[in-house]
file structure20.txt (compact mmCIF, C-alpha atoms)
# COMPACT_ATOMS: atom_id res chain seq x y z
CA MET A 1482 -8.62 -29.32 89.14
CA ILE A 1483 -5.28 -30.26 87.68
CA LEU A 1484 -3.13 -27.90 85.61
CA VAL A 1485 -0.87 -29.60 83.10
CA THR A 1486 1.87 -27.51 81.47
CA VAL A 1487 4.70 -28.27 79.08
CA GLY A 1488 6.16 -24.75 79.25
CA THR A 1489 6.17 -22.28 76.39
CA GLN A 1490 8.47 -23.74 73.75
CA LEU A 1491 8.05 -27.39 72.90
CA ALA A 1492 5.30 -29.99 72.94
CA PHE A 1493 5.56 -32.93 75.34
CA ASP A 1494 2.94 -35.41 74.12
CA ARG A 1495 4.35 -38.31 76.13
CA MET A 1496 3.42 -36.54 79.37
CA VAL A 1497 0.13 -34.94 78.29
CA GLY A 1498 -1.01 -38.21 76.67
CA ALA A 1499 -0.41 -40.12 79.89
CA VAL A 1500 -2.54 -37.66 81.88
CA ASP A 1501 -5.22 -37.71 79.18
CA ARG A 1502 -5.49 -41.53 79.34
CA TRP A 1503 -5.37 -41.57 83.14
CA VAL A 1504 -8.20 -39.07 83.62
CA ASN A 1505 -10.56 -40.93 81.26
CA LYS A 1506 -13.90 -41.63 83.02
CA LYS A 1507 -12.71 -39.91 86.20
CA ASP A 1508 -14.54 -36.96 87.68
CA ILE A 1509 -11.48 -34.70 87.61
CA GLN A 1510 -11.08 -31.58 85.52
CA VAL A 1511 -7.77 -31.16 83.69
CA ILE A 1512 -6.69 -27.95 81.93
CA ALA A 1513 -3.53 -28.15 79.87
CA GLN A 1514 -1.04 -26.00 78.00
CA VAL A 1515 0.24 -28.54 75.49
CA GLY A 1516 2.60 -26.49 73.29
CA PRO A 1517 2.87 -26.81 69.51
CA THR A 1518 1.51 -30.30 68.82
CA GLU A 1519 -0.58 -32.08 66.18
CA VAL A 1520 -1.87 -34.62 68.67
CA CYS A 1521 -5.51 -34.44 69.83
CA PHE A 1522 -6.44 -35.27 73.41
CA SER A 1523 -9.91 -36.49 74.30
CA ASN A 1524 -10.42 -36.19 78.06
CA ILE A 1525 -8.86 -32.84 78.91
CA LYS A 1526 -9.40 -29.16 78.10
CA TYR A 1527 -6.33 -27.82 76.36
CA LYS A 1528 -4.71 -25.03 74.38
CA SER A 1529 -1.29 -24.96 72.80
CA PHE A 1530 -0.50 -21.72 74.62
CA LEU A 1531 -2.24 -19.98 77.53
CA GLU A 1532 -1.73 -16.27 78.09
CA GLN A 1533 0.13 -15.45 81.29
CA ASP A 1534 -2.97 -14.01 83.03
CA GLU A 1535 -4.99 -17.08 82.13
CA LEU A 1536 -2.25 -19.43 83.25
CA ASP A 1537 -1.81 -17.58 86.56
CA HIS A 1538 -5.54 -17.76 87.22
CA ILE A 1539 -5.73 -21.49 86.51
CA LEU A 1540 -2.63 -22.11 88.61
CA LYS A 1541 -4.15 -20.27 91.58
CA THR A 1542 -7.32 -22.36 91.47
CA SER A 1543 -5.66 -25.71 90.76
CA ASP A 1544 -5.12 -28.50 93.31
CA LEU A 1545 -2.18 -30.08 91.53
CA VAL A 1546 0.26 -29.15 88.79
CA VAL A 1547 1.72 -31.69 86.37
CA ALA A 1548 4.61 -30.21 84.39
CA HIS A 1549 7.80 -30.85 82.47
CA ALA A 1550 10.85 -30.31 84.68
CA GLY A 1551 11.17 -26.64 83.72
CA MET A 1552 12.20 -23.99 86.23
CA GLY A 1553 9.33 -21.66 85.32
CA SER A 1554 6.72 -24.28 86.15
CA ILE A 1555 8.47 -25.35 89.35
CA LEU A 1556 9.08 -21.83 90.70
CA SER A 1557 5.53 -20.69 89.85
CA SER A 1558 3.91 -23.70 91.55
CA LEU A 1559 6.03 -23.58 94.69
CA SER A 1560 5.57 -19.84 95.16
CA LEU A 1561 1.81 -20.46 95.30
CA GLY A 1562 2.20 -23.49 97.57
CA LYS A 1563 0.87 -25.91 94.95
CA PRO A 1564 2.11 -29.49 94.85
CA ILE A 1565 3.73 -30.38 91.54
CA ILE A 1566 4.55 -33.59 89.71
CA ILE A 1567 7.45 -33.02 87.31
CA MET A 1568 8.38 -35.30 84.45
CA PRO A 1569 11.77 -34.53 82.84
CA ARG A 1570 12.00 -34.27 79.08
CA LYS A 1571 14.51 -36.61 77.50
CA ALA A 1572 16.86 -35.34 74.81
CA SER A 1573 17.33 -39.00 73.77
CA LEU A 1574 13.66 -39.00 72.74
CA GLY A 1575 13.98 -35.65 70.95
CA GLU A 1576 12.05 -33.83 73.67
CA HIS A 1577 14.71 -31.21 74.34
CA ARG A 1578 18.15 -30.09 73.23
CA ASN A 1579 20.02 -31.60 76.16
CA GLU A 1580 19.41 -33.53 79.38
CA HIS A 1581 19.24 -30.52 81.72
CA GLN A 1582 15.70 -31.43 82.82
CA MET A 1583 17.00 -34.71 84.23
CA ALA A 1584 19.41 -32.70 86.39
CA THR A 1585 16.62 -30.37 87.48
CA ALA A 1586 14.44 -33.34 88.43
CA ARG A 1587 17.24 -34.93 90.45
CA ARG A 1588 17.80 -31.67 92.28
CA PHE A 1589 14.14 -31.26 93.25
CA GLN A 1590 13.21 -34.85 93.95
CA ASN A 1591 13.54 -34.61 97.72
CA ARG A 1592 11.78 -31.30 98.13
CA PRO A 1593 8.41 -31.47 99.94
CA GLY A 1594 5.64 -30.79 97.43
CA VAL A 1595 7.70 -31.86 94.41
CA TYR A 1596 7.15 -35.37 93.02
CA VAL A 1597 9.27 -36.72 90.18
CA ALA A 1598 7.84 -39.05 87.55
CA TRP A 1599 10.79 -40.45 85.62
CA ASP A 1600 8.45 -41.97 83.03
CA GLU A 1601 4.76 -42.30 82.10
CA GLN A 1602 4.22 -45.34 84.35
CA GLN A 1603 5.48 -43.48 87.37
CA LEU A 1604 3.35 -40.50 86.42
CA VAL A 1605 0.24 -42.70 86.57
CA VAL A 1606 1.32 -44.14 89.93
CA LEU A 1607 1.78 -40.62 91.32
CA LEU A 1608 -1.56 -39.43 89.92
CA ASN A 1609 -3.31 -42.39 91.57
CA ARG A 1610 -1.55 -41.64 94.83
CA TRP A 1611 -2.56 -37.98 94.63
CA SER A 1612 -6.21 -38.85 93.95
CA THR A 1613 -6.43 -40.83 97.20
CA GLU A 1614 -4.11 -39.05 99.64
CA ARG A 1615 -3.67 -35.56 98.05
CA PHE A 1616 -0.28 -33.91 98.51
CA ASP A 1617 -0.72 -31.43 101.32
CA HIS A 1618 2.79 -30.82 102.49
CA VAL A 1619 4.38 -28.27 100.18
CA ASP A 1620 7.60 -26.42 100.93
CA GLU A 1621 6.30 -23.04 99.77
CA ILE A 1622 8.81 -20.48 98.51
CA SER A 1623 8.67 -16.68 98.52
CA ASN A 1624 7.98 -14.95 95.22
CA THR A 1625 11.27 -13.10 95.32
CA ALA A 1626 14.85 -14.34 95.27
CA PRO A 1627 16.63 -14.91 98.63
CA THR A 1628 17.87 -11.79 100.43
CA GLU A 1629 21.53 -12.73 100.03
CA PHE A 1630 21.25 -13.11 96.26
CA LEU A 1631 19.39 -9.79 96.00
CA ALA A 1632 22.04 -8.02 98.07
CA ASN A 1633 24.85 -9.41 95.89
CA LEU A 1634 23.04 -8.44 92.70
CA LYS A 1635 22.34 -4.97 94.05
CA GLN A 1636 26.00 -4.53 94.76
CA LEU A 1637 26.91 -5.50 91.20
CA ILE A 1638 24.30 -3.13 89.81
CA GLY A 1639 25.16 -0.26 92.12
CA ASN A 1640 28.87 -0.21 91.72
CA THR A 1641 28.93 1.02 88.09
CA MET B 465 24.43 31.35 75.47
CA PHE B 466 23.75 28.30 73.41
CA ILE B 467 27.09 26.81 74.32
CA ARG B 468 26.50 27.44 78.00
CA ASP B 469 23.13 25.66 77.81
CA ALA B 470 24.74 22.75 76.06
CA PHE B 471 27.34 22.58 78.80
CA ALA B 472 24.70 22.72 81.48
CA LEU B 473 22.80 19.96 79.75
CA SER B 474 25.79 17.69 79.41
CA PHE B 475 26.68 18.38 83.01
CA SER B 476 23.22 17.39 84.20
CA TRP B 477 23.50 14.20 82.14
CA SER B 478 26.60 13.13 83.88
CA SER B 479 25.37 14.22 87.31
CA PRO B 480 25.72 11.46 89.91
CA MET B 481 22.26 12.35 91.21
CA LYS B 482 20.62 11.10 88.05
CA GLN B 483 18.59 7.93 88.46
CA LYS B 484 20.33 5.08 86.67
CA LYS B 485 18.48 3.21 83.95
CA LEU B 486 18.22 -0.53 84.09
CA LEU B 487 17.02 -2.68 81.22
CA ALA B 488 15.76 -6.10 82.38
CA VAL B 489 15.45 -8.70 79.62
CA ALA B 490 14.23 -12.32 79.43
CA SER B 491 12.31 -14.52 77.06
CA ALA B 492 8.87 -15.54 78.33
CA GLY B 493 8.62 -18.70 80.45
CA GLY B 494 11.24 -19.87 82.93
CA HIS B 495 13.75 -17.12 82.11
CA TRP B 496 11.13 -14.47 82.83
CA VAL B 497 9.94 -16.14 86.05
CA GLN B 498 13.53 -16.02 87.33
CA LEU B 499 14.07 -12.40 86.25
CA ILE B 500 11.03 -11.02 88.06
CA ARG B 501 12.17 -12.75 91.26
CA MET B 502 15.11 -10.29 91.17
CA ARG B 503 12.87 -7.23 91.10
CA PRO B 504 13.65 -6.06 94.68
CA ALA B 505 17.28 -5.58 93.57
CA PHE B 506 16.09 -3.07 90.94
CA GLU B 507 14.42 -0.63 93.33
CA PHE B 508 15.38 3.06 93.08
CA LEU B 509 16.35 2.60 89.43
CA SER B 510 14.53 3.66 86.32
CA LEU B 511 13.35 0.36 84.82
CA HIS B 512 12.40 -0.97 81.43
CA TRP B 513 11.49 -4.60 80.72
CA ILE B 514 11.75 -6.63 77.51
CA SER B 515 10.23 -10.05 76.92
CA THR B 516 8.91 -12.17 74.07
CA SER B 517 5.23 -12.31 75.01
CA PRO B 518 2.96 -9.26 75.49
CA GLY B 519 1.01 -11.35 78.02
CA VAL B 520 3.67 -11.04 80.72
CA ALA B 521 3.40 -7.22 80.76
CA SER B 522 0.68 -7.49 83.41
CA GLN B 523 3.31 -8.68 85.90
CA VAL B 524 5.31 -5.47 85.58
CA ASP B 525 4.53 -1.85 84.76
CA ARG B 526 2.92 -2.01 81.31
CA GLU B 527 4.20 1.47 80.42
CA GLU B 528 7.75 0.29 80.86
CA PHE B 529 7.51 -2.89 78.88
CA THR B 530 8.46 -3.83 75.32
CA SER B 531 7.45 -7.07 73.67
CA VAL B 532 9.72 -8.42 70.95
CA ARG B 533 9.35 -11.28 68.54
CA ASP B 534 10.12 -14.72 69.97
CA ALA B 535 12.78 -16.73 68.15
CA ASN B 536 15.39 -19.39 68.80
CA MET B 537 18.64 -20.52 67.21
CA TRP B 538 16.81 -22.39 64.45
CA ASP B 539 14.76 -19.43 63.29
CA LYS B 540 17.26 -17.09 61.66
CA PRO B 541 14.81 -14.56 60.13
CA GLY B 542 13.04 -14.38 63.50
CA LEU B 543 16.35 -13.79 65.25
CA VAL B 544 17.23 -10.95 62.89
CA LEU B 545 13.89 -9.25 63.52
CA MET B 546 14.26 -9.73 67.27
CA ALA B 547 17.79 -8.26 67.14
CA ILE B 548 16.53 -5.16 65.31
CA GLN B 549 13.69 -4.65 67.79
CA ILE B 550 16.08 -4.92 70.70
CA ALA B 551 18.73 -2.68 69.12
CA TRP B 552 16.06 -0.03 68.61
CA ARG B 553 14.88 -0.24 72.21
CA VAL B 554 18.44 -0.10 73.56
CA LEU B 555 19.17 2.98 71.41
CA LEU B 556 16.05 4.76 72.63
CA TYR B 557 16.38 3.84 76.28
CA ARG B 558 20.18 4.08 76.62
CA PRO B 559 20.44 1.85 79.69
CA ASP B 560 23.28 2.20 82.20
CA ILE B 561 22.85 -1.44 83.17
CA VAL B 562 21.37 -4.54 81.52
CA VAL B 563 20.35 -7.56 83.57
CA THR B 564 19.23 -10.69 81.75
CA THR B 565 18.59 -14.36 82.41
CA GLY B 566 18.57 -15.16 78.67
CA ALA B 567 18.08 -16.48 76.23
CA ALA B 568 18.30 -14.94 72.70
CA PRO B 569 16.77 -11.52 73.59
CA GLY B 570 19.12 -11.23 76.55
CA TYR B 571 22.10 -11.99 74.34
CA PHE B 572 21.19 -9.23 71.87
CA ALA B 573 20.48 -6.73 74.63
CA ILE B 574 23.88 -7.41 76.16
CA VAL B 575 25.71 -7.03 72.84
CA PHE B 576 24.07 -3.72 71.89
CA ALA B 577 24.19 -2.23 75.39
CA ARG B 578 27.85 -3.20 75.78
CA LEU B 579 28.68 -1.48 72.49
CA MET B 580 27.12 1.65 74.00
CA GLY B 581 29.21 1.30 77.15
CA ALA B 582 26.63 -0.07 79.58
CA LYS B 583 27.32 -2.49 82.40
CA THR B 584 25.99 -5.86 81.28
CA ILE B 585 25.01 -8.61 83.72
CA TRP B 586 24.28 -12.09 82.38
CA ILE B 587 22.70 -14.40 84.97
CA ASP B 588 22.47 -17.88 83.50
CA SER B 589 19.23 -19.77 84.14
CA ILE B 590 19.12 -22.02 87.20
CA ALA B 591 18.09 -24.78 84.78
CA ASN B 592 21.72 -24.97 83.60
CA ALA B 593 23.30 -26.96 86.40
CA GLU B 594 25.98 -28.73 84.40
CA GLU B 595 27.23 -26.17 81.90
CA MET B 596 26.43 -22.61 80.91
CA SER B 597 23.60 -22.26 78.38
CA LEU B 598 24.36 -21.89 74.68
CA ALA B 599 23.28 -18.23 74.72
CA GLY B 600 25.25 -17.76 77.94
CA GLN B 601 28.44 -19.04 76.33
CA LYS B 602 27.98 -16.64 73.43
CA ALA B 603 27.23 -13.78 75.82
CA LYS B 604 30.45 -14.27 77.79
CA ARG B 605 32.61 -11.83 75.82
CA TRP B 606 29.92 -9.11 75.95
CA ALA B 607 29.03 -9.43 79.62
CA THR B 608 30.83 -7.25 82.17
CA HIS B 609 29.49 -9.69 84.78
CA TRP B 610 29.01 -13.33 83.80
CA ILE B 611 27.06 -15.18 86.47
CA THR B 612 25.97 -18.75 87.20
CA GLN B 613 23.46 -19.87 89.82
CA TRP B 614 25.51 -22.99 90.52
CA PRO B 615 28.67 -22.82 92.69
CA GLU B 616 30.08 -25.92 90.92
CA LEU B 617 30.25 -24.05 87.61
CA SER B 618 32.09 -21.00 88.93
CA GLY B 619 35.82 -20.63 88.47
CA ASP B 620 38.70 -18.32 87.60
CA ASP B 621 38.06 -18.33 83.89
CA GLY B 622 34.42 -19.26 84.34
CA PRO B 623 31.32 -17.55 85.62
CA THR B 624 30.89 -15.97 89.05
CA TYR B 625 28.48 -17.41 91.62
CA ILE B 626 26.44 -14.95 93.71
CA GLY B 627 23.65 -17.27 94.94
CA SER B 628 20.48 -18.35 93.19
CA VAL B 629 16.93 -17.09 92.72
CA LEU B 630 15.60 -20.08 94.64
call {"tool": "encode", "arguments": {"input": "structure20.txt", "output": "structure tokens"}}
result
Amino acid sequence: MILVTVGTQLAFDRMVGAVDRWVNKKDIQVIAQVGPTEVCFSNIKYKSFLEQDELDHILKTSDLVVAHAGMGSILSSLSLGKPIIIMPRKASLGEHRNEHQMATARRFQNRPGVYVAWDEQQLVVLLNRWSTERFDHVDEISNTAPTEFLANLKQLIGNT
Amino acid sequence: MFIRDAFALSFSWSSPMKQKKLLAVASAGGHWVQLIRMRPAFEFLSLHWISTSPGVASQVDREEFTSVRDANMWDKPGLVLMAIQIAWRVLLYRPDIVVTTGAAPGYFAIVFARLMGAKTIWIDSIANAEEMSLAGQKAKRWATHWITQWPELSGDDGPTYIGSVL
């Protein structure tokens, strides 16, 4: 099963639409959080917003995550050891307020388990690759921040 | 007698043994995911959480959680309502420390808590690698600690870098 998520704020029809067309006539289940959109998708199960519990459950049982290049999606997937394909939103296409998702995608592109689709064509190429070889090698992260960060933060908090 | 009790009470309030109160604030989504990764740093403190979706309460202690209205810069009436909800919570809880990753609810929490004398820690989202977020820039003058997760952004007049949640 594939989880598709566009985060909690904005729709991202360019990405969801590409997955919807790709999965047509394939025996793969796709569940998607598509955000506030008027567009209808025909080959996937979707809601504009999934409750956190629901989203966590789907994430745990999914084999692959396809998401916008948002930190929430990336951190959640990696902390459960799930491979993720990220597609950055483009401010030039009105998909976000600025180009920070491009920077996020560049930063994560060499991390095992993270695959960057810079556009819809590359997303389809990656999905095809995943359906034949799967993406097994994921650089799993802990579900808490690194010890050094926590120690520094604790010091700031403690020394009131 | 009454005066002595009042003295005793005020003394116990300022006692160093008292558990400090931390208010942790983030809008739902990526900001929230980053905030809860910091939870081990909040141990031994009295904690209250604020977010913009009641659904995330299951990840923390439900009793110590307040959900406020979600709103962004383009929804002024929503922002006003959110600000009132947060001001009310800050007044009731009287935090010693606020930690937030943003965005709008974190900004309001920092403003109100600072006005009441709390320590206010703004930790800008790791998504902002090239400049501080809009809310972060507005929060600067209200934050006792203004933090980035990117060493490149830190500087004398800029934010402090203490590492990142990843």
call {"tool": "closest_residue", "arguments": {"input": "structure20.txt", "among": "A:Asp1534, A:Asp1494, A:Asp1600, A:Glu1614", "to": "chain B", "atoms": "only C-alpha atoms"}}
result
A:Asp1534
call {"tool": "interface_residues", "arguments": {"input": "structure20.txt", "of": "chain B", "to": "chain A", "cutoff": "9 Å", "atoms": "only C-alpha atoms", "output": "count of residues only"}}
result
41
call {"tool": "residues_around", "arguments": {"input": "structure20.txt", "residues": "A:Gly1516", "least_positions_apart": "4", "cutoff": "6 Å", "atoms": "only C-alpha atoms", "output": "NGL selection string"}}
result
:A and (1491-1492 or 1529-1530)
call {"tool": "atom_distance", "arguments": {"input": "structure20.txt", "atom1": "atom CA of B:Leu499", "atom2": "atom CA of B:Ile514"}}
result
10.7 Å
call {"tool": "atom_distance", "arguments": {"input": "structure20.txt", "atom1": "atom CA of B:Met596", "atom2": "atom CA of A:Arg1587"}}
result
18.1 Å
call {"tool": "closest_residue", "arguments": {"input": "structure20.txt", "among": "A:Lys1541, A:Val1487, A:Gly1498, A:Ile1509", "to": "A:Asn1609", "atoms": "only C-alpha atoms"}}
result
A:Ile1509
